[in-house]
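Enquirer: Contents of start15.cif (mmCIF, C-alpha atoms and all ligand atoms) are below:
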data_coords
#
loop_
_atom_site.label_atom_id
_atom_site.label_comp_id
_atom_site.auth_asym_id
_atom_site.auth_seq_id
_atom_site.Cartn_x
_atom_site.Cartn_y
_atom_site.Cartn_z
CA MET U 1 -17.92 -16.10 -22.98
CA VAL U 2 -16.61 -13.09 -24.78
CA GLY U 3 -17.16 -12.49 -28.45
CA VAL U 4 -19.04 -15.68 -29.06
CA HIS U 5 -21.46 -14.36 -31.59
CA LEU U 6 -19.59 -11.59 -33.32
CA ARG U 7 -20.34 -11.83 -36.99
CA ALA U 8 -17.68 -11.75 -39.70
CA ALA U 9 -17.40 -8.57 -41.75
CA ALA U 10 -19.37 -8.55 -44.98
CA THR U 11 -16.51 -8.59 -47.45
CA PRO U 12 -15.40 -12.07 -48.35
CA GLY U 13 -11.71 -12.83 -48.13
CA PRO U 14 -9.00 -13.87 -45.77
CA ASN U 15 -9.04 -10.55 -43.89
CA LYS U 16 -12.64 -10.66 -42.84
CA GLY U 17 -12.43 -12.67 -39.63
CA LEU U 18 -13.55 -10.76 -36.60
CA ASP U 19 -12.46 -11.71 -33.13
CA LEU U 20 -11.39 -9.95 -30.02
CA GLN U 21 -8.05 -11.73 -29.85
CA ARG U 22 -5.95 -9.31 -31.80
CA GLY U 23 -2.21 -9.40 -31.89
CA THR U 24 0.12 -6.49 -31.39
CA GLY U 25 0.52 -6.09 -35.12
CA LYS U 26 4.30 -6.20 -34.69
CA ASP U 27 4.81 -8.20 -37.84
CA ARG U 28 2.36 -6.41 -40.05
CA ASN U 29 5.13 -5.69 -42.53
CA MET U 30 5.84 -9.29 -43.33
CA LEU U 31 5.75 -10.07 -47.00
CA ILE U 32 3.79 -13.27 -46.70
CA ARG U 33 0.60 -12.19 -45.07
CA ILE U 34 -2.51 -14.31 -45.15
CA ARG U 35 -4.51 -13.38 -42.13
CA ARG U 36 -6.30 -15.90 -40.01
CA GLY U 37 -9.82 -15.30 -38.88
CA TRP U 38 -8.83 -13.36 -35.78
CA GLU U 39 -6.11 -11.28 -37.37
CA ILE U 40 -7.55 -8.02 -38.54
CA PRO U 41 -5.62 -4.91 -39.42
CA GLU U 42 -5.78 -1.97 -37.01
CA SER U 43 -7.78 -0.04 -39.62
CA GLN U 44 -10.61 -2.58 -39.29
CA ALA U 45 -10.28 -3.00 -35.57
CA THR U 46 -13.22 -2.23 -33.35
CA PRO U 47 -12.48 0.65 -30.97
CA GLU U 48 -11.94 -0.49 -27.41
CA SER U 49 -15.01 1.28 -26.05
CA VAL U 50 -17.23 -0.57 -28.53
CA VAL U 51 -15.52 -3.84 -27.74
CA MET U 52 -16.06 -3.37 -24.04
CA ALA U 53 -19.74 -2.54 -24.54
CA ARG U 54 -20.13 -5.65 -26.69
CA ARG U 55 -18.31 -7.71 -24.13
CA SER U 56 -20.82 -6.92 -21.45
CA LEU U 57 -23.73 -7.48 -23.85
CA LEU U 58 -22.29 -10.77 -25.05
CA GLY U 59 -21.41 -11.80 -21.53
CA ALA U 60 -25.03 -11.30 -20.55
CA GLY U 61 -26.18 -13.12 -23.69
CA ALA U 62 -23.93 -16.07 -23.03
CA GLY U 63 -25.23 -16.24 -19.48
CA LEU U 64 -28.78 -16.37 -20.75
CA ILE U 65 -27.89 -19.09 -23.24
CA ALA U 66 -26.19 -21.14 -20.59
CA ALA U 67 -29.12 -20.63 -18.28
CA THR U 68 -31.77 -21.71 -20.77
CA GLY U 69 -29.51 -24.06 -22.68
CA THR U 70 -31.67 -23.74 -25.76
CA ALA U 71 -30.83 -22.95 -29.33
CA GLN U 72 -33.95 -20.78 -29.30
CA ALA U 73 -32.37 -18.37 -26.83
CA GLN U 74 -29.20 -18.21 -28.88
CA TRP U 75 -30.91 -17.30 -32.06
CA ARG U 76 -33.35 -14.88 -30.46
CA LEU U 77 -30.29 -12.99 -29.33
CA PHE U 78 -28.02 -13.36 -32.27
CA GLY U 79 -29.79 -13.95 -35.53
CA SER U 80 -31.39 -16.50 -37.77
CA PRO U 81 -32.79 -19.71 -36.36
CA VAL U 82 -30.69 -22.82 -36.77
CA LYS U 83 -31.93 -26.36 -36.63
CA GLU U 84 -29.05 -28.34 -35.25
CA GLN U 85 -28.52 -31.91 -36.44
CA PRO U 86 -29.73 -34.40 -33.83
CA ARG U 87 -26.86 -36.00 -31.91
CA LYS U 88 -27.01 -39.61 -30.77
CA PRO U 89 -26.41 -40.48 -27.12
CA LEU U 90 -22.92 -41.90 -26.68
CA GLU U 91 -22.54 -43.06 -23.12
CA ALA U 92 -19.07 -44.34 -22.28
CA PRO U 93 -17.46 -44.93 -18.88
CA ARG U 94 -15.40 -41.99 -17.66
CA ASN U 95 -11.71 -42.71 -17.29
CA ALA U 96 -11.09 -41.18 -13.88
CA GLY U 97 -7.34 -41.16 -14.51
CA PHE U 98 -7.61 -37.82 -16.29
CA GLU U 99 -8.67 -35.08 -13.90
CA ALA U 100 -8.81 -31.67 -15.57
CA GLY U 101 -8.58 -29.80 -12.26
CA ARG U 102 -11.12 -27.18 -13.28
CA ALA U 103 -14.83 -27.02 -14.05
CA ILE U 104 -16.14 -28.54 -17.27
CA THR U 105 -17.12 -25.83 -19.74
CA ASP U 106 -20.86 -25.52 -20.30
CA GLU U 107 -21.77 -27.51 -23.39
CA VAL U 108 -23.43 -24.54 -25.02
CA ASN U 109 -20.18 -22.60 -24.88
CA ALA U 110 -18.00 -25.43 -26.19
CA THR U 111 -20.38 -26.05 -29.07
CA THR U 112 -21.12 -22.50 -30.22
CA TYR U 113 -17.67 -20.88 -30.22
CA ASN U 114 -15.75 -22.74 -32.87
CA ASN U 115 -12.93 -22.62 -35.35
CA TYR U 116 -13.95 -24.50 -38.48
CA TYR U 117 -12.74 -22.40 -41.38
CA GLU U 118 -14.28 -24.63 -44.03
CA PHE U 119 -17.62 -23.29 -42.78
CA GLY U 120 -16.58 -19.68 -42.29
CA MET U 121 -14.05 -17.46 -40.63
CA SER U 122 -15.98 -16.29 -37.62
CA LYS U 123 -16.53 -18.25 -34.43
CA SER U 124 -20.24 -18.52 -35.22
CA ILE U 125 -20.33 -21.31 -37.76
CA VAL U 126 -22.95 -23.46 -36.02
CA GLY U 127 -25.50 -22.63 -38.72
CA PRO U 128 -23.45 -23.36 -41.85
CA ALA U 129 -21.86 -26.41 -40.21
CA GLN U 130 -25.24 -28.16 -40.07
CA ALA U 131 -24.77 -28.82 -43.81
CA LEU U 132 -22.03 -31.35 -42.99
CA VAL U 133 -23.20 -34.79 -44.10
CA VAL U 134 -21.91 -37.21 -41.50
CA GLU U 135 -23.59 -40.41 -42.71
CA PRO U 136 -22.30 -42.47 -44.41
CA TRP U 137 -18.70 -41.72 -43.39
CA THR U 138 -15.62 -43.60 -44.47
CA ILE U 139 -11.94 -43.13 -43.69
CA ARG U 140 -9.21 -43.99 -46.16
CA ILE U 141 -6.13 -45.56 -44.52
CA GLU U 142 -3.11 -45.53 -46.81
CA GLY U 143 0.60 -44.90 -47.31
CA MET U 144 3.12 -46.98 -45.37
CA VAL U 145 0.67 -49.53 -43.95
CA ALA U 146 0.28 -53.27 -44.27
CA ASN U 147 -3.12 -53.01 -46.01
CA PRO U 148 -4.31 -49.76 -47.54
CA ARG U 149 -8.08 -49.76 -47.22
CA THR U 150 -11.23 -47.73 -46.76
CA ILE U 151 -13.10 -48.34 -43.55
CA GLY U 152 -16.59 -47.24 -42.53
CA ILE U 153 -16.74 -45.44 -39.22
CA GLU U 154 -19.16 -48.06 -37.80
CA ASP U 155 -16.68 -50.84 -38.62
CA LEU U 156 -13.88 -48.88 -36.99
CA LEU U 157 -15.93 -48.32 -33.85
CA LYS U 158 -16.70 -52.04 -33.58
CA GLN U 159 -12.97 -52.65 -33.10
CA VAL U 160 -12.40 -50.24 -30.21
CA LYS U 161 -13.74 -49.51 -26.76
CA LEU U 162 -15.11 -46.03 -26.15
CA GLU U 163 -14.36 -44.11 -22.98
CA GLU U 164 -14.89 -40.58 -21.72
CA ARG U 165 -12.00 -38.33 -20.72
CA VAL U 166 -12.15 -34.79 -19.42
CA TYR U 167 -9.31 -32.77 -20.94
CA ARG U 168 -8.21 -29.16 -20.91
CA PHE U 169 -8.17 -27.67 -24.42
CA ARG U 170 -6.04 -24.62 -25.25
CA CYS U 171 -6.36 -22.71 -28.52
CA VAL U 172 -3.35 -20.80 -29.85
CA GLU U 173 -5.63 -17.72 -29.75
CA ALA U 174 -5.50 -17.89 -25.93
CA TRP U 175 -9.00 -19.12 -25.20
CA ALA U 176 -9.51 -22.41 -23.45
CA MET U 177 -12.19 -24.88 -22.45
CA THR U 178 -12.54 -28.14 -20.52
CA VAL U 179 -14.39 -30.87 -22.35
CA PRO U 180 -15.62 -34.41 -21.67
CA TRP U 181 -14.62 -36.09 -24.93
CA VAL U 182 -15.79 -39.58 -25.90
CA GLY U 183 -13.41 -41.62 -27.97
CA PHE U 184 -10.66 -44.21 -27.97
CA PRO U 185 -6.88 -44.11 -27.75
CA MET U 186 -5.14 -43.38 -31.04
CA ALA U 187 -2.86 -46.28 -30.14
CA ASP U 188 -5.81 -48.56 -31.02
CA LEU U 189 -6.04 -46.96 -34.44
CA LEU U 190 -2.33 -47.66 -34.97
CA ARG U 191 -2.94 -51.29 -34.08
CA ILE U 192 -5.76 -51.48 -36.63
CA ALA U 193 -3.86 -49.61 -39.36
CA GLU U 194 -0.60 -51.57 -38.95
CA PRO U 195 1.98 -48.99 -40.06
CA GLN U 196 5.12 -50.38 -41.72
CA ALA U 197 8.39 -50.39 -39.80
CA GLY U 198 9.77 -47.36 -41.69
CA ALA U 199 6.73 -45.11 -41.05
CA LYS U 200 7.47 -42.14 -38.79
CA TYR U 201 4.44 -39.88 -39.07
CA ILE U 202 0.67 -40.16 -39.19
CA VAL U 203 -1.09 -37.58 -41.36
CA PHE U 204 -4.74 -36.58 -41.19
CA ASN U 205 -6.74 -35.01 -44.00
CA THR U 206 -10.18 -33.67 -43.31
CA LEU U 207 -13.26 -33.29 -45.47
CA ALA U 208 -13.09 -30.66 -48.24
CA ASP U 209 -16.52 -30.62 -49.84
CA GLU U 210 -17.28 -27.74 -52.18
CA LYS U 211 -21.00 -28.41 -52.09
CA THR U 212 -21.45 -27.97 -48.37
CA MET U 213 -18.42 -25.92 -47.26
CA PRO U 214 -18.30 -22.26 -48.29
CA GLY U 215 -14.62 -21.99 -47.27
CA ILE U 216 -13.66 -24.60 -49.84
CA ARG U 217 -15.53 -22.76 -52.58
CA GLU U 218 -13.76 -19.48 -51.75
CA GLY U 219 -10.45 -21.10 -52.60
CA PHE U 220 -8.23 -18.91 -50.40
CA TYR U 221 -6.73 -21.57 -48.20
CA PRO U 222 -4.81 -24.78 -48.96
CA TYR U 223 -7.53 -27.30 -48.18
CA PRO U 224 -7.94 -30.10 -47.33
CA TYR U 225 -7.02 -29.23 -43.74
CA THR U 226 -3.99 -31.34 -42.92
CA GLU U 227 -2.28 -32.14 -39.66
CA GLY U 228 0.22 -34.73 -38.53
CA LEU U 229 1.90 -36.29 -35.50
CA THR U 230 4.96 -38.43 -34.96
CA LEU U 231 4.08 -42.04 -34.33
CA ALA U 232 5.33 -41.62 -30.75
CA GLU U 233 2.87 -38.75 -30.26
CA ALA U 234 0.10 -40.77 -31.89
CA ALA U 235 0.78 -43.69 -29.54
CA ASN U 236 0.96 -41.51 -26.42
CA GLU U 237 -1.67 -42.51 -23.91
CA LEU U 238 -3.25 -39.03 -23.96
CA THR U 239 -3.89 -38.99 -27.70
CA MET U 240 -7.52 -39.74 -28.52
CA MET U 241 -9.57 -40.34 -31.61
CA THR U 242 -12.76 -38.58 -30.63
CA VAL U 243 -16.31 -39.27 -31.77
CA GLY U 244 -18.34 -37.57 -29.09
CA MET U 245 -18.53 -34.90 -26.42
CA TYR U 246 -20.87 -34.33 -23.47
CA GLY U 247 -22.25 -37.88 -23.77
CA LYS U 248 -23.40 -37.48 -27.38
CA THR U 249 -21.92 -37.79 -30.85
CA LEU U 250 -19.84 -34.80 -31.92
CA PRO U 251 -21.83 -31.94 -33.40
CA PRO U 252 -20.76 -30.91 -36.92
CA GLN U 253 -19.21 -27.67 -35.69
CA ASN U 254 -16.84 -29.55 -33.37
CA GLY U 255 -15.67 -31.97 -36.06
CA ALA U 256 -18.27 -34.72 -36.50
CA PRO U 257 -18.07 -37.57 -36.91
CA ILE U 258 -14.42 -38.05 -35.94
CA ARG U 259 -11.46 -35.84 -35.00
CA PHE U 260 -8.39 -36.27 -32.85
CA ILE U 261 -7.42 -34.64 -29.57
CA THR U 262 -3.88 -34.02 -28.28
CA PRO U 263 -4.53 -31.94 -25.16
CA TRP U 264 -0.94 -30.76 -24.68
CA LYS U 265 -0.89 -29.11 -28.11
CA TYR U 266 -2.60 -25.98 -29.38
CA GLY U 267 -6.09 -26.56 -30.76
CA PHE U 268 -5.16 -26.04 -34.40
CA LYS U 269 -3.39 -29.41 -34.43
CA GLN U 270 -6.61 -31.21 -33.60
CA ALA U 271 -8.10 -31.83 -37.01
CA LYS U 272 -11.85 -32.25 -37.44
CA SER U 273 -14.01 -34.46 -39.67
CA ILE U 274 -11.18 -36.78 -40.70
CA VAL U 275 -11.54 -38.63 -44.02
CA LYS U 276 -8.00 -39.81 -44.67
CA ILE U 277 -5.21 -41.14 -42.48
CA SER U 278 -1.85 -41.85 -44.07
CA PHE U 279 1.50 -43.02 -42.81
CA THR U 280 4.78 -41.68 -44.10
CA ASP U 281 8.46 -41.26 -43.30
CA LYS U 282 8.36 -37.54 -44.22
CA ARG U 283 7.29 -34.84 -41.83
CA PRO U 284 4.01 -33.40 -43.13
CA THR U 285 3.30 -29.69 -43.43
CA GLY U 286 0.17 -28.72 -41.55
CA PHE U 287 -2.51 -26.37 -42.84
CA TRP U 288 -1.44 -23.34 -40.79
CA GLU U 289 2.25 -24.07 -41.21
CA ALA U 290 1.70 -24.01 -44.99
CA LEU U 291 0.08 -20.58 -44.62
CA GLN U 292 2.41 -18.94 -42.11
CA ALA U 293 5.39 -21.07 -41.08
CA ALA U 294 6.90 -18.23 -39.04
CA GLU U 295 3.96 -18.47 -36.64
CA TYR U 296 2.66 -22.03 -36.78
CA GLY U 297 4.86 -25.09 -36.86
CA PHE U 298 4.67 -28.85 -36.74
CA TRP U 299 4.98 -29.32 -32.98
CA ALA U 300 2.65 -26.65 -31.55
CA ASN U 301 3.11 -27.70 -27.92
CA VAL U 302 1.60 -25.35 -25.35
CA ASN U 303 4.12 -23.17 -23.49
CA PRO U 304 3.21 -19.97 -21.63
CA GLU U 305 6.79 -18.73 -21.91
CA VAL U 306 6.95 -18.82 -25.68
CA PRO U 307 4.73 -16.01 -26.96
CA HIS U 308 3.07 -16.14 -30.33
CA PRO U 309 4.86 -13.53 -32.47
CA ARG U 310 1.85 -11.23 -32.02
CA TRP U 311 0.50 -12.00 -28.55
CA SER U 312 1.40 -13.50 -25.20
CA GLN U 313 0.61 -17.11 -24.38
CA ALA U 314 1.06 -16.59 -20.63
CA ARG U 315 -2.65 -16.70 -19.81
CA GLU U 316 -5.85 -18.07 -21.25
CA ARG U 317 -9.49 -17.01 -21.21
CA LEU U 318 -11.93 -19.71 -20.11
CA LEU U 319 -14.99 -19.95 -22.36
CA GLY U 320 -18.11 -19.24 -20.37
CA SER U 321 -16.79 -17.46 -17.31
CA GLY U 322 -14.29 -15.33 -19.24
CA GLU U 323 -11.90 -15.84 -16.33
CA MET U 324 -8.22 -15.39 -17.19
CA VAL U 325 -6.03 -18.15 -15.79
CA PRO U 326 -2.32 -18.92 -16.16
CA THR U 327 -1.40 -21.27 -18.98
CA GLN U 328 0.69 -24.29 -18.03
CA ILE U 329 3.56 -25.75 -20.00
CA TRP U 330 2.37 -28.74 -22.06
CA ASN U 331 -1.08 -27.48 -20.99
CA GLY U 332 -0.38 -29.22 -17.68
CA TYR U 333 0.24 -32.65 -19.24
CA GLY U 334 4.06 -32.70 -18.97
CA ALA U 335 4.12 -35.90 -16.91
CA TYR U 336 2.67 -37.73 -19.91
CA VAL U 337 4.48 -36.05 -22.77
CA ALA U 338 7.67 -34.16 -21.86
CA ASP U 339 9.89 -37.23 -22.23
CA MET U 340 8.91 -37.62 -25.87
CA TYR U 341 10.73 -34.39 -26.68
CA LYS U 342 14.09 -35.19 -25.06
CA GLY U 343 16.80 -34.73 -27.67
CA LEU U 344 14.53 -32.50 -29.78
CA GLU U 345 15.37 -29.25 -27.96
CA LYS U 346 16.69 -27.66 -31.16
CA GLU U 347 13.28 -28.00 -32.80
CA ARG U 348 10.62 -25.26 -32.56
CA LEU U 349 8.71 -27.36 -30.07
CA PHE U 350 6.38 -24.55 -28.94
CA ALA U 351 5.24 -22.93 -32.19
N1 LIG P 1 -10.12 -28.77 -38.31
C1 LIG P 1 -10.60 -28.39 -39.52
N2 LIG P 1 -10.89 -29.33 -40.43
N3 LIG P 1 -10.82 -27.09 -39.84
C2 LIG P 1 -10.52 -26.09 -38.96
O1 LIG P 1 -10.72 -24.91 -39.27
N4 LIG P 1 -9.64 -25.50 -36.75
C3 LIG P 1 -8.69 -25.89 -35.74
C4 LIG P 1 -9.03 -27.25 -35.11
N5 LIG P 1 -9.37 -28.21 -36.15
C5 LIG P 1 -9.99 -26.44 -37.68
C6 LIG P 1 -9.82 -27.82 -37.39
C7 LIG P 1 -8.55 -24.89 -34.69
S1 LIG P 1 -7.73 -23.45 -35.13
C8 LIG P 1 -9.03 -25.09 -33.44
S2 LIG P 1 -8.68 -24.00 -32.16
C9 LIG P 1 -9.87 -26.24 -33.11
O2 LIG P 1 -10.14 -27.07 -34.25
C10 LIG P 1 -11.20 -25.75 -32.56
O3 LIG P 1 -11.99 -26.83 -32.14
P1 LIG P 1 -13.46 -26.56 -31.57
O4 LIG P 1 -14.20 -25.73 -32.57
O5 LIG P 1 -14.04 -27.93 -31.37
O6 LIG P 1 -13.27 -25.83 -30.29
#
Any chance you could give the structure as structure tokens?
Expert:
Amino acid sequence: MVGVHLRAAATPGPNKGLDLQRGTGKDRNMLIRIRRGWEIPESQATPESVVMARRSLLGAGAGLIAATGTAQAQWRLFGSPVKEQPRKPLEAPRNAGFEAGRAITDEVNATTYNNYYEFGMSKSIVGPAQALVVEPWTIRIEGMVANPRTIGIEDLLKQVKLEERVYRFRCVEAWAMTVPWVGFPMADLLRIAEPQAGAKYIVFNTLADEKTMPGIREGFYPYPYTEGLTLAEAANELTMMTVGMYGKTLPPQNGAPIRFITPWKYGFKQAKSIVKISFTDKRPTGFWEALQAAEYGFWANVNPEVPHPRWSQARERLLGSGEMVPTQIWNGYGAYVADMYKGLEKERLFA
């Protein structure tokens, strides 16, 4: 895994994120310019020789972590000790209908290389994310529904059947992983929420807690993190509400206690730590779309042939091995989803 424990630069602000996935800088002259964590100006960029030296060091470090599998090894290598929140076992039968066709990413890699900007702009937010208070947890269901209400996560889980599915996951930054998620089809949530006939979209808002989330206190970004799907996308058989991974409840850094997963879309769609679900007839504006609509849109479907304005999407780097593999259209899930987009060809389906 490359770059897993690079620290963010000391200066606070939207430019501080440090990651190896830099763009070409082609659009540096744009007027609206709020940089995401991995977008740093050339002036702050690490010279290639240093990057390559760090890559081999970090590669070795990641190998050691994977080998020992202990937080102790991580923090001996990379900094202050972190006591991770205990995760409850969450055994659920694996749905063998969803073969990922590649090896499952080591848990330590999937749970230590994260994007969760509320907790910081680097990939190493495991420490700060432990402040997330996941119990008690309620979800507000409102908007165009039969009965607006607030439901406790335990009550929600009593009404569904959990299963495990192994999905490929592709971030817009061109890294990827393969994860055994535990959850239930979002179609079941629709059944419970009972959207009205005129509803067209489902919108997710995630926790924005000033007390525990430094990103919220900084006030740079338009929190709460918001994402949305059409009801057809929400009802698609691939779409999962997810409460666990690797046979345990989700860790805070991966979006405890509940997030959603749409494996044919870029990772930024897949909102973490959901506290509100609303139904509407108006297309919502997502968090990244609100920040930079030229680069991040509503649909965000994976397509290797549609580059991000500042980098190619043709290939992806697998967390753990660092292997570069070709990216597939719809992240390889076209048989399940391509039909939903017939007649929408004029939309920016792949941004
Ligand atoms: N959800 C919230 N609330 N905040 C975030 O910063 N980041 C998104 C998405 N969901 C994000 C979020 C992005 S950019 C990605 S790639 C994935 O979460 C990363 O999920 P992971 O950390 O579980 O790999």
Enquirer: Find the residue from U:Pro214, U:Pro195, U:Pro128, U:Gly244 that sits nearest to Gly183 (chain U); use only C-alpha atoms when measuring.
Expert: U:Gly244
Enquirer: Taking all atoms of ligand LIG 1 (chain P) that the file lists and extending 6 Å past them on each side, where is the centre of the axis-aligned box and how long are its edges? Answer in Å to one decimal, as lines of an AutoDock Vina configuration file.
Expert:
center_x = -11.0
center_y = -26.4
center_z = -35.4
size_x = 18.5
size_y = 17.9
size_z = 22.1
Enquirer: Would you mind telling me which residue in U:Gly198, U:Pro326, U:Pro180, U:Pro251 lies nearest to Phe98 (chain U) when using only C-alpha atoms?
Expert: U:Pro180
Enquirer: In terms of the shortest atom-to-atom distance over only C-alpha atoms and all ligand atoms, which of U:Asp106, U:Glu305, U:Asp155, U:Glu227 is closest to ligand LIG 1 (chain P)?
Expert: U:Glu227
Enquirer: Pick out the residues no farther than 6 Å from ligand LIG 1 (chain P), counting only C-alpha atoms and all ligand atoms, and list them as a PDB file with C-alpha atoms, in the frame of the given file.
Expert:
ATOM      1  CA  ASN U 114     -15.750 -22.740 -32.870  1.00  0.00           C
ATOM      2  CA  ASN U 115     -12.930 -22.620 -35.350  1.00  0.00           C
ATOM      3  CA  TYR U 116     -13.950 -24.500 -38.480  1.00  0.00           C
ATOM      4  CA  TYR U 117     -12.740 -22.400 -41.380  1.00  0.00           C
ATOM      5  CA  GLU U 118     -14.280 -24.630 -44.030  1.00  0.00           C
ATOM      6  CA  CYS U 171      -6.360 -22.710 -28.520  1.00  0.00           C
ATOM      7  CA  THR U 206     -10.180 -33.670 -43.310  1.00  0.00           C
ATOM      8  CA  TYR U 225      -7.020 -29.230 -43.740  1.00  0.00           C
ATOM      9  CA  ASN U 254     -16.840 -29.550 -33.370  1.00  0.00           C
ATOM     10  CA  GLY U 267      -6.090 -26.560 -30.760  1.00  0.00           C
ATOM     11  CA  PHE U 268      -5.160 -26.040 -34.400  1.00  0.00           C
ATOM     12  CA  GLN U 270      -6.610 -31.210 -33.600  1.00  0.00           C
ATOM     13  CA  ALA U 271      -8.100 -31.830 -37.010  1.00  0.00           C
ATOM     14  CA  LYS U 272     -11.850 -32.250 -37.440  1.00  0.00           C
TER      15      LYS U 272
END
Enquirer: If you count only C-alpha atoms, which residues fall within 9 Å of region 333-345 of chain U, apart from same-chain ones fewer than 4 positions away, as number ranges by chain?
Expert: U: 232-233, 236-238, 263-264, 328-329, 349
Enquirer: Please reconstruct the missing atoms of region 80-93 of chain U (target: N, CA, C and O atoms) and return them as a PDB file, in the coordinates of the input.
Expert:
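Written out: out-v1.pdb:
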ATOM      1  N   SER U  80     -30.450 -15.574 -37.138  1.00  0.00           N
ATOM      2  CA  SER U  80     -31.390 -16.500 -37.770  1.00  0.00           C
ATOM      3  C   SER U  80     -31.476 -17.816 -37.008  1.00  0.00           C
ATOM      4  O   SER U  80     -30.504 -18.252 -36.406  1.00  0.00           O
ATOM      5  N   PRO U  81     -32.649 -18.437 -37.073  1.00  0.00           N
ATOM      6  CA  PRO U  81     -32.790 -19.710 -36.360  1.00  0.00           C
ATOM      7  C   PRO U  81     -31.988 -20.806 -37.036  1.00  0.00           C
ATOM      8  O   PRO U  81     -31.832 -20.809 -38.243  1.00  0.00           O
ATOM      9  N   VAL U  82     -31.477 -21.720 -36.238  1.00  0.00           N
ATOM     10  CA  VAL U  82     -30.690 -22.820 -36.770  1.00  0.00           C
ATOM     11  C   VAL U  82     -31.263 -24.108 -36.217  1.00  0.00           C
ATOM     12  O   VAL U  82     -31.513 -24.210 -35.022  1.00  0.00           O
ATOM     13  N   LYS U  83     -31.489 -25.056 -37.109  1.00  0.00           N
ATOM     14  CA  LYS U  83     -31.930 -26.360 -36.630  1.00  0.00           C
ATOM     15  C   LYS U  83     -30.697 -27.231 -36.573  1.00  0.00           C
ATOM     16  O   LYS U  83     -30.126 -27.560 -37.616  1.00  0.00           O
ATOM     17  N   GLU U  84     -30.266 -27.536 -35.359  1.00  0.00           N
ATOM     18  CA  GLU U  84     -29.050 -28.340 -35.250  1.00  0.00           C
ATOM     19  C   GLU U  84     -29.343 -29.802 -35.548  1.00  0.00           C
ATOM     20  O   GLU U  84     -30.420 -30.308 -35.230  1.00  0.00           O
ATOM     21  N   GLN U  85     -28.375 -30.476 -36.172  1.00  0.00           N
ATOM     22  CA  GLN U  85     -28.520 -31.910 -36.440  1.00  0.00           C
ATOM     23  C   GLN U  85     -28.709 -32.638 -35.113  1.00  0.00           C
ATOM     24  O   GLN U  85     -28.037 -32.326 -34.135  1.00  0.00           O
ATOM     25  N   PRO U  86     -29.594 -33.639 -35.086  1.00  0.00           N
ATOM     26  CA  PRO U  86     -29.730 -34.400 -33.830  1.00  0.00           C
ATOM     27  C   PRO U  86     -28.437 -35.168 -33.553  1.00  0.00           C
ATOM     28  O   PRO U  86     -27.793 -35.646 -34.482  1.00  0.00           O
ATOM     29  N   ARG U  87     -28.063 -35.230 -32.292  1.00  0.00           N
ATOM     30  CA  ARG U  87     -26.860 -36.000 -31.910  1.00  0.00           C
ATOM     31  C   ARG U  87     -27.297 -37.241 -31.143  1.00  0.00           C
ATOM     32  O   ARG U  87     -28.167 -37.163 -30.290  1.00  0.00           O
ATOM     33  N   LYS U  88     -26.635 -38.362 -31.447  1.00  0.00           N
ATOM     34  CA  LYS U  88     -27.010 -39.610 -30.770  1.00  0.00           C
ATOM     35  C   LYS U  88     -26.357 -39.688 -29.395  1.00  0.00           C
ATOM     36  O   LYS U  88     -25.200 -39.268 -29.248  1.00  0.00           O
ATOM     37  N   PRO U  89     -27.053 -40.279 -28.421  1.00  0.00           N
ATOM     38  CA  PRO U  89     -26.410 -40.480 -27.120  1.00  0.00           C
ATOM     39  C   PRO U  89     -25.203 -41.399 -27.275  1.00  0.00           C
ATOM     40  O   PRO U  89     -25.241 -42.335 -28.067  1.00  0.00           O
ATOM     41  N   LEU U  90     -24.150 -41.117 -26.564  1.00  0.00           N
ATOM     42  CA  LEU U  90     -22.920 -41.900 -26.680  1.00  0.00           C
ATOM     43  C   LEU U  90     -22.332 -42.051 -25.288  1.00  0.00           C
ATOM     44  O   LEU U  90     -21.350 -41.403 -24.943  1.00  0.00           O
ATOM     45  N   GLU U  91     -23.007 -42.877 -24.504  1.00  0.00           N
ATOM     46  CA  GLU U  91     -22.540 -43.060 -23.120  1.00  0.00           C
ATOM     47  C   GLU U  91     -21.281 -43.923 -23.141  1.00  0.00           C
ATOM     48  O   GLU U  91     -21.229 -44.925 -23.835  1.00  0.00           O
ATOM     49  N   ALA U  92     -20.288 -43.524 -22.401  1.00  0.00           N
ATOM     50  CA  ALA U  92     -19.070 -44.340 -22.280  1.00  0.00           C
ATOM     51  C   ALA U  92     -18.529 -44.099 -20.886  1.00  0.00           C
ATOM     52  O   ALA U  92     -18.644 -42.990 -20.350  1.00  0.00           O
ATOM     53  N   PRO U  93     -17.940 -45.118 -20.256  1.00  0.00           N
ATOM     54  CA  PRO U  93     -17.460 -44.930 -18.880  1.00  0.00           C
ATOM     55  C   PRO U  93     -16.361 -43.871 -18.828  1.00  0.00           C
ATOM     56  O   PRO U  93     -15.499 -43.826 -19.710  1.00  0.00           O
TER      57      PRO U  93
END
